[in-house]
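Okay, structure first, notes after.
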Amino acid sequence: GENVEQHPSTLSVQEGDSAVIKCTYSDSASNYFPWYKQELGKGPQLIIDIRSNVGEKKDQRIAVTLNKTAKHFSLHITETQPEDSAVYFCAAGNRDDKIIFGKGTRLHILP
Amino acid sequence: EAEVAQSPRYKITEKSQAVAFWCDPISGHATLYWYRQILGQGPELLVQFQDESVVDDSQLPKDRFSAERLKGVDSTLKIQPAELGDSAMYLCASSPVSHNEQFFGPGTRLTVL
């Protein structure tokens, strides 16, 4: 089955700097790659996703890149703000409508 | 904006007791998922419904867990009897038919004493 590895587990960046979180997946049949943000005590919230026919997608300060050959994808957050502090999860899914989550990255934005 | 509703938000119970969680998906979403999230980890799928039918319950501990979605709308997840290791966040998500995008509810935080 699918296995998703996520790095780093914790990331601290200065406010205004960029943050990058990287994930790898094992199943070459995976074709859907969402990213979720989870704040303390809340459910995960979808922030951006990308499908396998696209190499890059951007939404304001957030961008995701996908390298299907290498089976890895990354989340980039630019001009980080205090409200970006949260746990971020990558996931990989296939045509069965299932997604497998990584273990998460705790992002701290330092003042 | 439509949201997935879950209740209760918090539940404290003693081991060997029965607990039940309720989920109301976004209207019109045919697919419903129950996940378990242990502190510090990503959500793990317990059961997936398509309308009222179970699509995947391979990771559901069926000796103590049960799930139903009788009319293909809201759903209930039950644990009987609860064990200490069941302490976790239980998340419900829903998705439109044949679409990967999943929308999560706020979760139920279960503590088993």
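Following the order of the structure tokens, first chain is A, next is B, and so on, with residues numbered from 1 inside each chain and ligands from 1 in the order they appear.
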**OP:** Pull out every residue of chain B sitting within 8 Å of chain A, counting only C-alpha atoms, and send them as a ChimeraX atom specification.
**Re:** /B:40-44,91,98-107
Subject >> DSSP strand (DSSP E or B) residues within chain A, as a PyMOL selection string >> reply: chain A and resi 4-7+10-14+19-25+32-38+45-51+56-59+62-67+72-77+86-93+99-101+105-110
**OP:** Find the spatial neighbours of segment 71-86 of chain A, counting only C-alpha atoms, within a cut-off of 8 Å - ignore same-chain residues fewer than 3 positions away - and output them as an NGL selection string.
**Re:** :A and (14-26 or 28 or 33 or 35 or 37-40 or 61-68 or 106-111)
**OP:** Using only C-alpha atoms, pick whichever of B:Gln6, B:Thr31, B:Gln48, B:Thr13 has the shortest atom-to-atom distance to Ile79 of chain B.
**Re:** B:Thr13
What's the 9 Å shell around segment 34-36 of chain B, counting only C-alpha atoms, without same-chain residues fewer than 3 positions away, as a PDB file with C-alpha atoms, in the first residue's frame?
ATOM      1  CA  CYS B  23     -21.134  12.939  12.179  1.00  0.00           C
ATOM      2  CA  GLY B  42      -1.518  11.990  10.907  1.00  0.00           C
ATOM      3  CA  PRO B  43      -5.117  10.779  10.594  1.00  0.00           C
ATOM      4  CA  GLU B  44      -5.561   7.063   9.854  1.00  0.00           C
ATOM      5  CA  LEU B  45      -8.621   5.776   8.046  1.00  0.00           C
ATOM      6  CA  LEU B  46     -10.965   3.563  10.051  1.00  0.00           C
ATOM      7  CA  VAL B  47     -13.916   3.221   7.668  1.00  0.00           C
ATOM      8  CA  GLN B  48     -15.161   4.651   4.377  1.00  0.00           C
ATOM      9  CA  PHE B  49     -18.813   4.788   3.269  1.00  0.00           C
ATOM     10  CA  ALA B  67     -19.936   2.186  12.217  1.00  0.00           C
ATOM     11  CA  LEU B  77     -19.125   5.399  15.161  1.00  0.00           C
ATOM     12  CA  ASP B  86      -8.535   4.267  22.202  1.00  0.00           C
ATOM     13  CA  ALA B  88      -7.408   9.852  20.391  1.00  0.00           C
ATOM     14  CA  MET B  89      -9.118  12.393  18.161  1.00  0.00           C
ATOM     15  CA  TYR B  90     -11.843  10.874  15.997  1.00  0.00           C
ATOM     16  CA  LEU B  91     -12.331  12.798  12.783  1.00  0.00           C
ATOM     17  CA  CYS B  92     -15.118  12.611  10.249  1.00  0.00           C
ATOM     18  CA  ALA B  93     -14.668  13.793   6.664  1.00  0.00           C
ATOM     19  CA  SER B  94     -16.909  13.889   3.604  1.00  0.00           C
TER      20      SER B  94
END
Subject >> Non-local contacts of Gln80 of chain B (7 Å; only C-alpha atoms; under 4 positions in same chain excluded) as a ChimeraX atom specification >> reply: /B:16-19,64-65
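From atom CA of Lys11 of chain B back to atom CA of Asp63 of chain B, the distance works out to 21.0 Å.
The gap separating atom CA of Ile48 of chain A from atom CA of Gln50 of chain B is 24.4 Å, in Å to one decimal.
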Original post:
So how many Å separate atom CA of Ser27 of chain B and atom CA of Arg69 of chain B, to one decimal?
Top reply: 14.1 Å
